[in-house]
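What follows is final_9.txt (compact mmCIF, C-alpha atoms).
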```
# COMPACT_ATOMS: atom_id res chain seq x y z
CA MET A 1 65.75 -14.67 -18.24
CA LYS A 2 63.96 -17.62 -19.85
CA LEU A 3 61.34 -17.24 -22.58
CA THR A 4 59.12 -20.18 -23.44
CA ASP A 5 56.48 -20.16 -26.16
CA VAL A 6 53.14 -21.58 -25.00
CA PRO A 7 51.02 -22.00 -28.19
CA HIS A 8 47.29 -21.33 -27.93
CA ASP A 9 44.79 -21.56 -30.77
CA GLY A 10 43.61 -18.16 -31.94
CA TYR A 11 46.61 -16.29 -30.52
CA GLU A 12 49.59 -15.15 -32.53
CA ARG A 13 51.97 -15.83 -29.69
CA VAL A 14 51.88 -16.53 -25.96
CA ILE A 15 55.16 -16.33 -24.07
CA HIS A 16 56.05 -17.39 -20.54
CA VAL A 17 58.76 -15.11 -19.17
CA GLU A 18 60.67 -16.39 -16.12
CA ASP A 19 63.63 -15.01 -14.25
CA THR A 20 64.80 -16.82 -11.12
CA ALA A 21 66.96 -14.00 -9.79
CA THR A 22 64.20 -11.37 -9.75
CA GLY A 23 61.23 -13.68 -9.28
CA LEU A 24 59.61 -12.53 -12.52
CA ASP A 25 56.86 -14.89 -13.65
CA ALA A 26 54.85 -13.38 -16.49
CA TYR A 27 52.71 -14.43 -19.43
CA ILE A 28 52.63 -12.13 -22.46
CA ALA A 29 49.59 -12.96 -24.60
CA LEU A 30 49.84 -11.46 -28.07
CA HIS A 31 46.38 -12.01 -29.51
CA SER A 32 46.51 -10.13 -32.82
CA THR A 33 48.66 -7.68 -34.76
CA LYS A 34 46.56 -7.73 -37.93
CA LEU A 35 45.57 -4.08 -37.60
CA GLY A 36 48.95 -2.98 -36.28
CA PRO A 37 51.14 -3.36 -33.18
CA ALA A 38 49.22 -4.84 -30.27
CA ILE A 39 48.48 -2.61 -27.28
CA GLY A 40 47.64 -3.87 -23.81
CA GLY A 41 48.50 -3.31 -20.19
CA ILE A 42 50.71 -5.11 -17.70
CA ARG A 43 48.62 -6.55 -14.89
CA LEU A 44 50.31 -7.33 -11.56
CA TYR A 45 48.21 -9.64 -9.42
CA ALA A 46 48.62 -12.28 -6.73
CA TYR A 47 47.53 -15.22 -8.86
CA GLU A 48 46.69 -18.41 -6.99
CA ASN A 49 47.94 -20.69 -9.75
CA THR A 50 49.32 -20.75 -13.28
CA GLN A 51 45.98 -21.54 -14.90
CA GLN A 52 44.37 -18.47 -13.36
CA GLN A 53 47.27 -16.32 -14.52
CA ILE A 54 47.37 -17.50 -18.12
CA THR A 55 43.57 -17.44 -18.41
CA ASP A 56 43.61 -13.79 -17.32
CA ALA A 57 46.24 -12.93 -19.93
CA LEU A 58 44.37 -14.75 -22.72
CA ARG A 59 40.94 -13.35 -21.90
CA LEU A 60 42.14 -9.78 -21.50
CA SER A 61 44.33 -9.77 -24.61
CA GLU A 62 41.46 -10.98 -26.80
CA GLY A 63 39.26 -8.29 -25.29
CA MET A 64 41.84 -5.66 -26.19
CA THR A 65 41.80 -6.78 -29.83
CA PHE A 66 38.06 -6.21 -30.07
CA LYS A 67 38.20 -2.97 -28.11
CA ASN A 68 40.94 -1.54 -30.34
CA ALA A 69 39.27 -2.72 -33.54
CA ALA A 70 35.85 -1.38 -32.58
CA ALA A 71 37.36 1.95 -31.55
CA GLY A 72 38.89 2.30 -35.01
CA LEU A 73 42.48 2.09 -33.79
CA ASP A 74 45.18 0.63 -36.01
CA HIS A 75 46.29 -1.69 -33.23
CA GLY A 76 45.76 -5.26 -32.15
CA GLY A 77 45.39 -6.60 -28.63
CA ALA A 78 47.77 -8.01 -26.05
CA LYS A 79 48.10 -8.32 -22.29
CA THR A 80 50.73 -9.26 -19.74
CA ALA A 81 49.90 -11.02 -16.48
CA VAL A 82 52.62 -10.89 -13.81
CA ASN A 83 52.36 -12.99 -10.64
CA LEU A 84 52.92 -10.74 -7.63
CA ASN A 85 53.41 -13.77 -5.37
CA LYS A 86 56.66 -14.72 -7.14
CA ILE A 87 58.35 -11.29 -7.17
CA LYS A 88 61.64 -11.10 -5.24
CA ASN A 89 63.02 -7.80 -6.56
CA ARG A 90 60.27 -5.63 -8.04
CA THR A 91 62.55 -3.09 -9.69
CA ALA A 92 64.74 -5.69 -11.37
CA ALA A 93 61.73 -7.83 -12.32
CA PHE A 94 60.11 -5.04 -14.32
CA GLN A 95 63.42 -4.15 -15.93
CA THR A 96 63.72 -7.77 -17.04
CA LEU A 97 60.14 -7.70 -18.34
CA GLY A 98 61.07 -4.66 -20.41
CA LYS A 99 63.87 -6.64 -22.04
CA ALA A 100 61.40 -9.41 -22.89
CA VAL A 101 58.98 -6.90 -24.46
CA ASN A 102 61.84 -5.43 -26.47
CA LEU A 103 62.57 -8.83 -28.02
CA LEU A 104 59.15 -8.65 -29.72
CA ASP A 105 60.51 -5.87 -31.95
CA GLY A 106 57.58 -3.49 -31.60
CA LYS A 107 54.78 -6.00 -32.06
CA TYR A 108 53.66 -5.23 -28.49
CA ILE A 109 53.26 -1.78 -26.94
CA CYS A 110 52.67 -2.15 -23.22
CA ALA A 111 51.07 0.19 -20.71
CA GLY A 112 49.79 0.23 -17.14
CA ASP A 113 47.01 -1.90 -15.73
CA VAL A 114 45.72 -3.15 -12.40
CA GLY A 115 48.52 -3.42 -9.84
CA THR A 116 51.26 -1.66 -11.79
CA THR A 117 52.56 1.77 -10.85
CA THR A 118 54.20 4.61 -12.71
CA GLU A 119 57.51 3.51 -11.20
CA ASP A 120 56.99 -0.03 -12.54
CA LEU A 121 56.45 1.35 -16.05
CA TYR A 122 59.59 3.47 -15.83
CA ARG A 123 61.51 0.29 -14.99
CA VAL A 124 59.96 -1.50 -17.97
CA ASN A 125 61.04 1.52 -20.01
CA ASP A 126 64.62 0.85 -18.89
CA GLY A 127 64.52 -2.25 -21.08
CA THR A 128 62.34 -1.12 -23.99
CA SER A 129 61.00 1.97 -25.73
CA TYR A 130 57.72 0.17 -26.45
CA VAL A 131 55.91 1.60 -23.43
CA ALA A 132 53.10 4.15 -23.63
CA GLY A 133 51.16 6.27 -21.17
CA ILE A 134 53.70 6.06 -18.35
CA THR A 135 52.51 9.29 -16.73
CA LEU A 136 48.99 9.10 -18.12
CA ASP A 137 46.08 9.11 -15.67
CA SER A 138 43.87 6.77 -17.71
CA SER A 139 40.83 7.52 -15.54
CA LYS A 140 40.48 10.95 -17.20
CA PRO A 141 40.20 9.78 -20.83
CA THR A 142 38.14 6.78 -19.73
CA ALA A 143 35.65 9.07 -17.98
CA LEU A 144 35.58 11.36 -21.03
CA GLY A 145 34.81 8.42 -23.31
CA VAL A 146 31.96 7.27 -21.09
CA TYR A 147 30.61 10.82 -20.89
CA THR A 148 30.61 11.00 -24.71
CA SER A 149 28.85 7.62 -24.80
CA ILE A 150 26.14 8.83 -22.45
CA ASP A 151 25.66 12.07 -24.35
CA ALA A 152 25.48 10.24 -27.71
CA LEU A 153 22.99 7.68 -26.40
CA LEU A 154 20.76 10.43 -25.05
CA ASP A 155 21.05 12.45 -28.25
CA PHE A 156 20.06 9.36 -30.24
CA ASN A 157 16.86 9.38 -28.18
CA GLY A 158 16.32 13.12 -28.55
CA ARG A 159 17.29 13.91 -24.95
CA ARG A 160 19.90 15.95 -23.12
CA ILE A 161 21.93 15.43 -19.96
CA LYS A 162 20.34 18.33 -18.11
CA GLN A 163 16.92 16.74 -18.60
CA CYS A 164 17.91 13.35 -17.18
CA SER A 165 18.80 11.48 -14.01
CA PHE A 166 21.62 8.96 -13.67
CA THR A 167 22.32 6.07 -11.31
CA VAL A 168 26.09 5.77 -11.04
CA GLU A 169 27.29 2.51 -9.49
CA GLY A 170 30.89 2.92 -8.33
CA MET A 171 32.49 6.23 -7.37
CA GLY A 172 36.12 5.29 -7.96
CA LYS A 173 38.51 7.32 -10.10
CA VAL A 174 36.41 6.98 -13.25
CA GLY A 175 32.96 6.99 -11.64
CA LYS A 176 33.59 10.14 -9.62
CA LYS A 177 35.04 12.09 -12.56
CA LEU A 178 32.08 11.01 -14.67
CA ALA A 179 29.55 11.95 -11.99
CA ASP A 180 31.12 15.39 -11.69
CA CYS A 181 30.92 15.89 -15.47
CA LEU A 182 27.25 14.91 -15.53
CA MET A 183 26.39 17.24 -12.63
CA SER A 184 28.34 20.08 -14.23
CA GLN A 185 25.95 19.80 -17.20
CA GLY A 186 22.86 19.83 -15.01
CA GLY A 187 22.38 16.07 -14.70
CA ASP A 188 20.67 14.64 -11.62
CA VAL A 189 23.14 12.08 -10.21
CA ARG A 190 22.31 9.40 -7.67
CA ALA A 191 25.23 7.15 -6.77
CA TYR A 192 26.32 4.13 -4.79
CA ASP A 193 29.76 3.27 -3.51
CA PRO A 194 30.69 0.96 -0.60
CA TYR A 195 32.92 3.70 0.83
CA ASP A 196 30.95 6.57 2.37
CA ALA A 197 34.01 8.84 2.44
CA VAL A 198 33.69 9.71 -1.24
CA PHE A 199 30.32 11.35 -0.56
CA LYS A 200 31.76 13.47 2.25
CA GLU A 201 33.77 15.30 -0.42
CA TYR A 202 30.52 16.82 -1.67
CA ASP A 203 29.57 18.39 1.68
CA ASN A 204 30.95 21.77 0.64
CA SER A 205 30.78 21.23 -3.10
CA GLN A 206 28.89 23.10 -5.80
CA PHE A 207 27.40 19.76 -6.84
CA GLU A 208 24.45 18.03 -5.22
CA ILE A 209 24.58 14.25 -5.30
CA THR A 210 22.21 11.69 -3.82
CA GLN A 211 23.79 8.72 -2.03
CA LEU A 212 22.08 5.39 -2.65
CA SER A 213 22.26 2.10 -0.82
CA ALA A 214 23.43 -1.03 -2.67
CA SER A 215 19.90 -2.43 -2.78
CA ALA A 216 18.52 0.77 -4.31
CA VAL A 217 20.78 0.84 -7.38
CA MET A 218 18.69 -1.36 -9.64
CA ASN A 219 15.42 0.00 -8.26
CA ASP A 220 16.22 3.67 -8.67
CA ASP A 221 13.75 5.46 -10.93
CA SER A 222 16.44 7.27 -12.93
CA ASP A 223 16.68 7.52 -16.70
CA MET A 224 20.05 5.82 -17.09
CA TYR A 225 22.05 3.15 -15.28
CA VAL A 226 25.79 3.92 -15.28
CA PRO A 227 27.85 0.88 -14.14
CA CYS A 228 31.36 1.95 -13.12
CA ALA A 229 32.39 -0.85 -10.77
CA LEU A 230 32.24 -4.64 -11.10
CA GLY A 231 31.01 -6.38 -14.22
CA ALA A 232 28.12 -8.83 -14.74
CA THR A 233 25.59 -6.49 -13.13
CA LEU A 234 23.27 -6.93 -16.09
CA ASN A 235 21.87 -10.42 -15.63
CA MET A 236 18.58 -12.29 -15.83
CA LYS A 237 17.45 -11.02 -12.43
CA THR A 238 18.40 -7.35 -12.75
CA LEU A 239 17.36 -6.95 -16.37
CA ASN A 240 13.83 -8.03 -15.60
CA THR A 241 13.46 -5.78 -12.56
CA MET A 242 15.51 -2.62 -13.22
CA THR A 243 13.58 0.54 -14.01
CA GLN A 244 16.26 2.30 -16.08
CA LYS A 245 15.93 1.87 -19.84
CA LEU A 246 19.26 3.38 -20.91
CA ILE A 247 22.71 2.04 -19.96
CA ALA A 248 26.28 3.27 -20.42
CA GLY A 249 29.23 2.98 -18.08
CA SER A 250 32.90 2.09 -17.66
CA ALA A 251 32.51 -1.39 -16.12
CA ASN A 252 33.95 -4.28 -18.16
CA ASN A 253 31.82 -7.27 -19.13
CA GLN A 254 28.58 -5.63 -18.04
CA PHE A 255 26.47 -8.58 -19.22
CA ALA A 256 26.78 -11.70 -17.07
CA THR A 257 26.15 -14.10 -19.98
CA ARG A 258 25.59 -14.01 -23.74
CA ASN A 259 21.94 -14.84 -23.12
CA ASP A 260 21.58 -11.58 -21.17
CA ILE A 261 22.39 -9.67 -24.36
CA ASP A 262 19.27 -11.18 -25.95
CA ILE A 263 17.18 -10.46 -22.85
CA ALA A 264 18.18 -6.79 -22.88
CA HIS A 265 17.28 -6.58 -26.57
CA SER A 266 13.89 -8.21 -26.07
CA LEU A 267 13.13 -5.74 -23.28
CA GLY A 268 13.95 -2.79 -25.52
CA LEU A 269 16.84 -1.55 -23.38
CA GLN A 270 19.29 0.75 -25.14
CA TYR A 271 22.96 0.81 -24.22
CA VAL A 272 26.48 1.50 -25.38
CA PRO A 273 28.51 -1.75 -25.26
CA ASP A 274 31.14 -1.67 -22.53
CA PHE A 275 34.19 -2.06 -24.78
CA ILE A 276 33.01 0.97 -26.76
CA ALA A 277 32.10 3.14 -23.78
CA ASN A 278 35.29 2.47 -21.82
CA CYS A 279 37.76 2.69 -24.72
CA GLY A 280 39.13 6.05 -23.56
CA GLY A 281 42.09 4.59 -21.69
CA VAL A 282 43.50 2.58 -24.57
CA VAL A 283 42.76 5.35 -27.07
CA ALA A 284 44.76 7.76 -24.92
CA VAL A 285 47.61 5.25 -24.60
CA ALA A 286 47.68 4.59 -28.36
CA LEU A 287 47.75 8.27 -29.21
CA ASP A 288 50.23 9.02 -26.41
CA PHE A 289 52.66 6.59 -28.06
CA LYS A 290 52.32 8.69 -31.24
CA LYS A 291 52.71 11.92 -29.23
CA GLN A 292 49.11 12.90 -30.04
CA LYS A 293 46.22 14.10 -27.88
CA SER A 294 43.07 12.04 -27.44
CA HIS A 295 40.45 14.74 -26.74
CA ILE A 296 39.10 15.13 -30.29
CA PHE A 297 38.91 11.38 -30.81
CA LEU A 298 37.08 10.83 -27.51
CA THR A 299 34.53 13.53 -28.25
CA THR A 300 33.86 14.05 -31.97
CA VAL A 301 35.08 10.74 -33.46
CA LEU A 302 33.77 8.43 -30.74
CA ARG A 303 30.43 10.20 -30.70
CA GLN A 304 29.89 9.57 -34.43
CA GLN A 305 30.98 5.95 -34.07
CA ILE A 306 28.37 5.41 -31.37
CA ILE A 307 25.59 7.12 -33.34
CA ASP A 308 26.43 4.96 -36.37
CA MET A 309 26.47 1.81 -34.24
CA LEU A 310 23.12 2.62 -32.61
CA SER A 311 21.60 3.45 -36.00
CA GLU A 312 22.73 0.12 -37.44
CA ALA A 313 21.38 -1.74 -34.41
CA LYS A 314 17.99 -0.07 -34.84
CA GLU A 315 17.82 -0.58 -38.61
CA GLU A 316 18.85 -4.25 -38.40
CA ASN A 317 16.88 -4.92 -35.18
CA LEU A 318 20.00 -6.37 -33.58
CA PRO A 319 21.45 -6.00 -30.07
CA ALA A 320 23.95 -3.15 -29.92
CA GLN A 321 26.52 -5.57 -28.47
CA ILE A 322 26.31 -7.78 -31.57
CA VAL A 323 26.56 -4.80 -33.91
CA ALA A 324 29.64 -3.49 -32.07
CA GLU A 325 31.27 -6.91 -32.22
CA ASN A 326 30.46 -7.16 -35.93
CA ILE A 327 32.10 -3.80 -36.53
CA ALA A 328 35.26 -5.15 -34.89
CA TYR A 329 35.06 -8.38 -36.92
CA ARG A 330 34.66 -6.44 -40.17
CA ARG A 331 37.88 -4.55 -39.46
CA LEU A 332 39.73 -7.68 -38.40
CA ASN A 333 38.55 -9.74 -41.37
CA GLY A 334 38.51 -7.00 -43.96
```

Could I get this structure in the form of structure tokens?
Amino acid sequence: MKLTDVPHDGYERVIHVEDTATGLDAYIALHSTKLGPAIGGIRLYAYENTQQQITDALRLSEGMTFKNAAAGLDHGGAKTAVNLNKIKNRTAAFQTLGKAVNLLDGKYICAGDVGTTTEDLYRVNDGTSYVAGITLDSSKPTALGVYTSIDALLDFNGRRIKQCSFTVEGMGKVGKKLADCLMSQGGDVRAYDPYDAVFKEYDNSQFEITQLSASAVMNDDSDMYVPCALGATLNMKTLNTMTQKLIAGSANNQFATRNDIDIAHSLGLQYVPDFIANCGGVVAVALDFKKQKSHIFLTTVLRQQIIDMLSEAKEENLPAQIVAENIAYRRLNG
């Protein structure tokens, strides 16, 4: 195993981990440990080149720092990007990665992410004890966090779930669990997903759901848009044409550009920033590492954090995204 430091401004440490025998090619980006040990997943992806791989690790690790800080966790952010194309022996490669993580002496607590399996995490655990959430289904706490975000946003506007309609874009693991929660509380759910099969599951269900076409998502006359698939769906075009005035979902990077944050604010749209709404997964991982449950945090604590954030945004006449980022900065710079 070969470890090479690859310095990057603004990051505490970036390490290239290589192992010829197993085919391991990974970048561990340790963005910040100011608030405590960094937490972030291990992403396994078929990267086309080194630049794409390291950019992914850098971008995601910085995002984890802000997500953890804004959520009130005593953890910094990190991420590992592993190139699937280079792997020769998957089992041995993840065991070797575990040894590399262990050399960081607890500064990095790793978890699952896109592409990695429970088995992969067990193999990482062969080499280090700094692994959390091995058997955790992160879609459950993520969906709970988004549900709390939706409920808090509605409450801030004097409304309740059973009085409202929701356009859910993306009926994957998180989107479907969230849709079921909303319908269980009397919410009117209309949803889009490219795979029709997910809607067949409701044929003999107690829930009634309306299937939408892709083109109907941003034109649906619901009360709230709930993005649970790809990011960047809030852009100059959609913001100026969508009928929904409230937004909260699990999708990352929901705004296409920074300018779109200002557009949303000028239009009077109210939303819960994505890294607040979808924090459930990392909260559950962080508390799992401490052998604690996440339910109270993702209901009572998160709800109050969102109400406080929305109140500050209203009082200061600032975009909620900016306020949420400022909350993270205050913790990081305090």

Report the centre and edge lengths, in Å to one decimal, of an axis-aligned box enclosing every atom of region 294-301 of chain A listed in the file, padded by 8 Å on each side, as JSON.
```
{"center_x": 38.5, "center_y": 12.9, "center_z": -30.1, "size_x": 25.2, "size_y": 20.4, "size_z": 22.7}
```

>> Residues near region 35-44 of chain A, anyone? I mean within 7 Å using only C-alpha atoms, not counting same-chain ones fewer than 6 positions away, as an NGL selection string.
In response: :A and (61 or 64 or 74-84 or 106-116 or 332)

>> Counting only C-alpha atoms, which residue out of A:Leu212, A:Cys181, A:Lys34, A:Glu48 sits closest to Tyr329 (chain A)?
In response: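 Among the listed residues, A:Lys34 lies closest to Tyr329 (chain A).
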
>> Would you pick out the contacts of region 94-99 of chain A at 10 Å or less, using only C-alpha atoms, so that residues sharing its chain but fewer than 4 positions from it are not included, and give the list as a VMD selection string?
In response: chain A and resid 1 17 to 19 22 24 to 26 28 42 80 82 87 89 to 90 103 to 104 110 116 119 to 131

Any chance you can output those residues with C-alpha atoms as a short mmCIF file (atom, residue, chain, number, x, y, z; two decimals), in the frame of the given file?
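Wrote it out as result_20.cif, contents follow:
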```
data_model
loop_
_atom_site.label_atom_id
_atom_site.label_comp_id
_atom_site.auth_asym_id
_atom_site.auth_seq_id
_atom_site.Cartn_x
_atom_site.Cartn_y
_atom_site.Cartn_z
CA MET A 1 65.75 -14.67 -18.24
CA VAL A 17 58.76 -15.11 -19.17
CA GLU A 18 60.67 -16.39 -16.12
CA ASP A 19 63.63 -15.01 -14.25
CA THR A 22 64.20 -11.37 -9.75
CA LEU A 24 59.61 -12.53 -12.52
CA ASP A 25 56.86 -14.89 -13.65
CA ALA A 26 54.85 -13.38 -16.49
CA ILE A 28 52.63 -12.13 -22.46
CA ILE A 42 50.71 -5.11 -17.70
CA THR A 80 50.73 -9.26 -19.74
CA VAL A 82 52.62 -10.89 -13.81
CA ILE A 87 58.35 -11.29 -7.17
CA ASN A 89 63.02 -7.80 -6.56
CA ARG A 90 60.27 -5.63 -8.04
CA LEU A 103 62.57 -8.83 -28.02
CA LEU A 104 59.15 -8.65 -29.72
CA CYS A 110 52.67 -2.15 -23.22
CA THR A 116 51.26 -1.66 -11.79
CA GLU A 119 57.51 3.51 -11.20
CA ASP A 120 56.99 -0.03 -12.54
CA LEU A 121 56.45 1.35 -16.05
CA TYR A 122 59.59 3.47 -15.83
CA ARG A 123 61.51 0.29 -14.99
CA VAL A 124 59.96 -1.50 -17.97
CA ASN A 125 61.04 1.52 -20.01
CA ASP A 126 64.62 0.85 -18.89
CA GLY A 127 64.52 -2.25 -21.08
CA THR A 128 62.34 -1.12 -23.99
CA SER A 129 61.00 1.97 -25.73
CA TYR A 130 57.72 0.17 -26.45
CA VAL A 131 55.91 1.60 -23.43
#
```

> In Å, how far is it from CA of Ala313 (chain A) to CA of Ile150 (chain A)?
Replying inline: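 Interatomic distance, CA of Ala313 (chain A) to CA of Ile150 (chain A): 16.7 Å.
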
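Proximity ranking of A:Cys279, A:Ala284, A:Ala21, A:Ile209 relative to Tyr192 (chain A) places A:Ile209 first, based on all atoms listed in the file.
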
> Skipping near chain neighbours, those fewer than 3 positions away, what residues fall within 12 Å of Thr210 (chain A) using only C-alpha atoms, listed as number ranges by chain?
Replying inline: A: 165-169, 179, 183, 187-193, 196, 198-200, 202-203, 207, 213, 216-217, 220, 222

Could you write out that same residue set with C-alpha atoms as a PDB file, in the coordinates of the input?
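The file below, out_26.pdb, is the result:
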```
ATOM      1  CA  SER A 165      18.800  11.480 -14.010  1.00  0.00           C
ATOM      2  CA  PHE A 166      21.620   8.960 -13.670  1.00  0.00           C
ATOM      3  CA  THR A 167      22.320   6.070 -11.310  1.00  0.00           C
ATOM      4  CA  VAL A 168      26.090   5.770 -11.040  1.00  0.00           C
ATOM      5  CA  GLU A 169      27.290   2.510  -9.490  1.00  0.00           C
ATOM      6  CA  ALA A 179      29.550  11.950 -11.990  1.00  0.00           C
ATOM      7  CA  MET A 183      26.390  17.240 -12.630  1.00  0.00           C
ATOM      8  CA  GLY A 187      22.380  16.070 -14.700  1.00  0.00           C
ATOM      9  CA  ASP A 188      20.670  14.640 -11.620  1.00  0.00           C
ATOM     10  CA  VAL A 189      23.140  12.080 -10.210  1.00  0.00           C
ATOM     11  CA  ARG A 190      22.310   9.400  -7.670  1.00  0.00           C
ATOM     12  CA  ALA A 191      25.230   7.150  -6.770  1.00  0.00           C
ATOM     13  CA  TYR A 192      26.320   4.130  -4.790  1.00  0.00           C
ATOM     14  CA  ASP A 193      29.760   3.270  -3.510  1.00  0.00           C
ATOM     15  CA  ASP A 196      30.950   6.570   2.370  1.00  0.00           C
ATOM     16  CA  VAL A 198      33.690   9.710  -1.240  1.00  0.00           C
ATOM     17  CA  PHE A 199      30.320  11.350  -0.560  1.00  0.00           C
ATOM     18  CA  LYS A 200      31.760  13.470   2.250  1.00  0.00           C
ATOM     19  CA  TYR A 202      30.520  16.820  -1.670  1.00  0.00           C
ATOM     20  CA  ASP A 203      29.570  18.390   1.680  1.00  0.00           C
ATOM     21  CA  PHE A 207      27.400  19.760  -6.840  1.00  0.00           C
ATOM     22  CA  SER A 213      22.260   2.100  -0.820  1.00  0.00           C
ATOM     23  CA  ALA A 216      18.520   0.770  -4.310  1.00  0.00           C
ATOM     24  CA  VAL A 217      20.780   0.840  -7.380  1.00  0.00           C
ATOM     25  CA  ASP A 220      16.220   3.670  -8.670  1.00  0.00           C
ATOM     26  CA  SER A 222      16.440   7.270 -12.930  1.00  0.00           C
TER      27      SER A 222
END
```

>> Report, in Å to a single decimal, how far apart CA of Arg258 (chain A) and CA of Gly72 (chain A) are.
In response: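 One can read the CA of Gly72 (chain A) to CA of Arg258 (chain A) distance as 23.9 Å.
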
Long-range neighbours of Leu30 (chain A) as a JSON list (two decimals) with C-alpha atoms, in the frame of the given file, 6 Å cut-off, all atoms listed in the file, 6 positions minimum in chain:
```json
[["chain", "number", "residue", "atom", "x", "y", "z"],
["A", 12, "GLU", "CA", 49.59, -15.15, -32.53],
["A", 13, "ARG", "CA", 51.97, -15.83, -29.69],
["A", 14, "VAL", "CA", 51.88, -16.53, -25.96],
["A", 78, "ALA", "CA", 47.77, -8.01, -26.05]]
```

> Within 6 Å of Val285 (chain A), counting all atoms listed in the file, which residues qualify if same-chain residues fewer than 3 places away don't, as a VMD selection string?
Replying inline: chain A and resid 132 to 133 282 288

Would you mind writing region 129-148 of chain A with N, CA and C atoms, as a compact mmCIF listing (two decimals), keeping the file's coordinate frame?
```txt
# COMPACT_ATOMS: atom_id res chain seq x y z
N SER A 129 61.66 0.68 -25.42
CA SER A 129 61.00 1.97 -25.73
C SER A 129 59.53 1.74 -26.05
N TYR A 130 59.09 0.48 -26.09
CA TYR A 130 57.72 0.17 -26.45
C TYR A 130 56.79 0.20 -25.23
N VAL A 131 56.77 1.35 -24.58
CA VAL A 131 55.91 1.60 -23.43
C VAL A 131 55.18 2.91 -23.68
N ALA A 132 53.89 2.93 -23.39
CA ALA A 132 53.10 4.15 -23.63
C ALA A 132 52.32 4.52 -22.37
N GLY A 133 52.02 5.81 -22.25
CA GLY A 133 51.16 6.27 -21.17
C GLY A 133 51.74 6.13 -19.78
N ILE A 134 53.07 6.26 -19.66
CA ILE A 134 53.70 6.06 -18.35
C ILE A 134 53.14 7.03 -17.32
N THR A 135 53.00 8.28 -17.68
CA THR A 135 52.51 9.29 -16.73
C THR A 135 51.04 9.62 -16.95
N LEU A 136 50.39 8.84 -17.78
CA LEU A 136 48.99 9.10 -18.12
C LEU A 136 48.04 8.63 -17.02
N ASP A 137 47.15 9.50 -16.59
CA ASP A 137 46.08 9.11 -15.67
C ASP A 137 44.92 8.63 -16.54
N SER A 138 44.84 7.31 -16.76
CA SER A 138 43.87 6.77 -17.71
C SER A 138 42.42 6.99 -17.28
N SER A 139 42.20 7.32 -15.99
CA SER A 139 40.83 7.52 -15.54
C SER A 139 40.20 8.75 -16.22
N LYS A 140 41.01 9.73 -16.57
CA LYS A 140 40.48 10.95 -17.20
C LYS A 140 39.95 10.66 -18.61
N PRO A 141 40.75 10.08 -19.50
CA PRO A 141 40.20 9.78 -20.83
C PRO A 141 39.10 8.72 -20.80
N THR A 142 39.20 7.79 -19.85
CA THR A 142 38.14 6.78 -19.73
C THR A 142 36.82 7.45 -19.37
N ALA A 143 36.86 8.35 -18.39
CA ALA A 143 35.65 9.07 -17.98
C ALA A 143 35.11 9.92 -19.13
N LEU A 144 36.01 10.53 -19.90
CA LEU A 144 35.58 11.36 -21.03
C LEU A 144 34.88 10.50 -22.08
N GLY A 145 35.42 9.31 -22.34
CA GLY A 145 34.81 8.42 -23.31
C GLY A 145 33.43 7.96 -22.88
N VAL A 146 33.27 7.69 -21.60
CA VAL A 146 31.96 7.27 -21.09
C VAL A 146 30.98 8.44 -21.14
N TYR A 147 31.47 9.63 -20.81
CA TYR A 147 30.61 10.82 -20.89
C TYR A 147 30.11 11.02 -22.33
N THR A 148 31.01 10.87 -23.30
CA THR A 148 30.61 11.00 -24.71
C THR A 148 29.59 9.93 -25.07
```
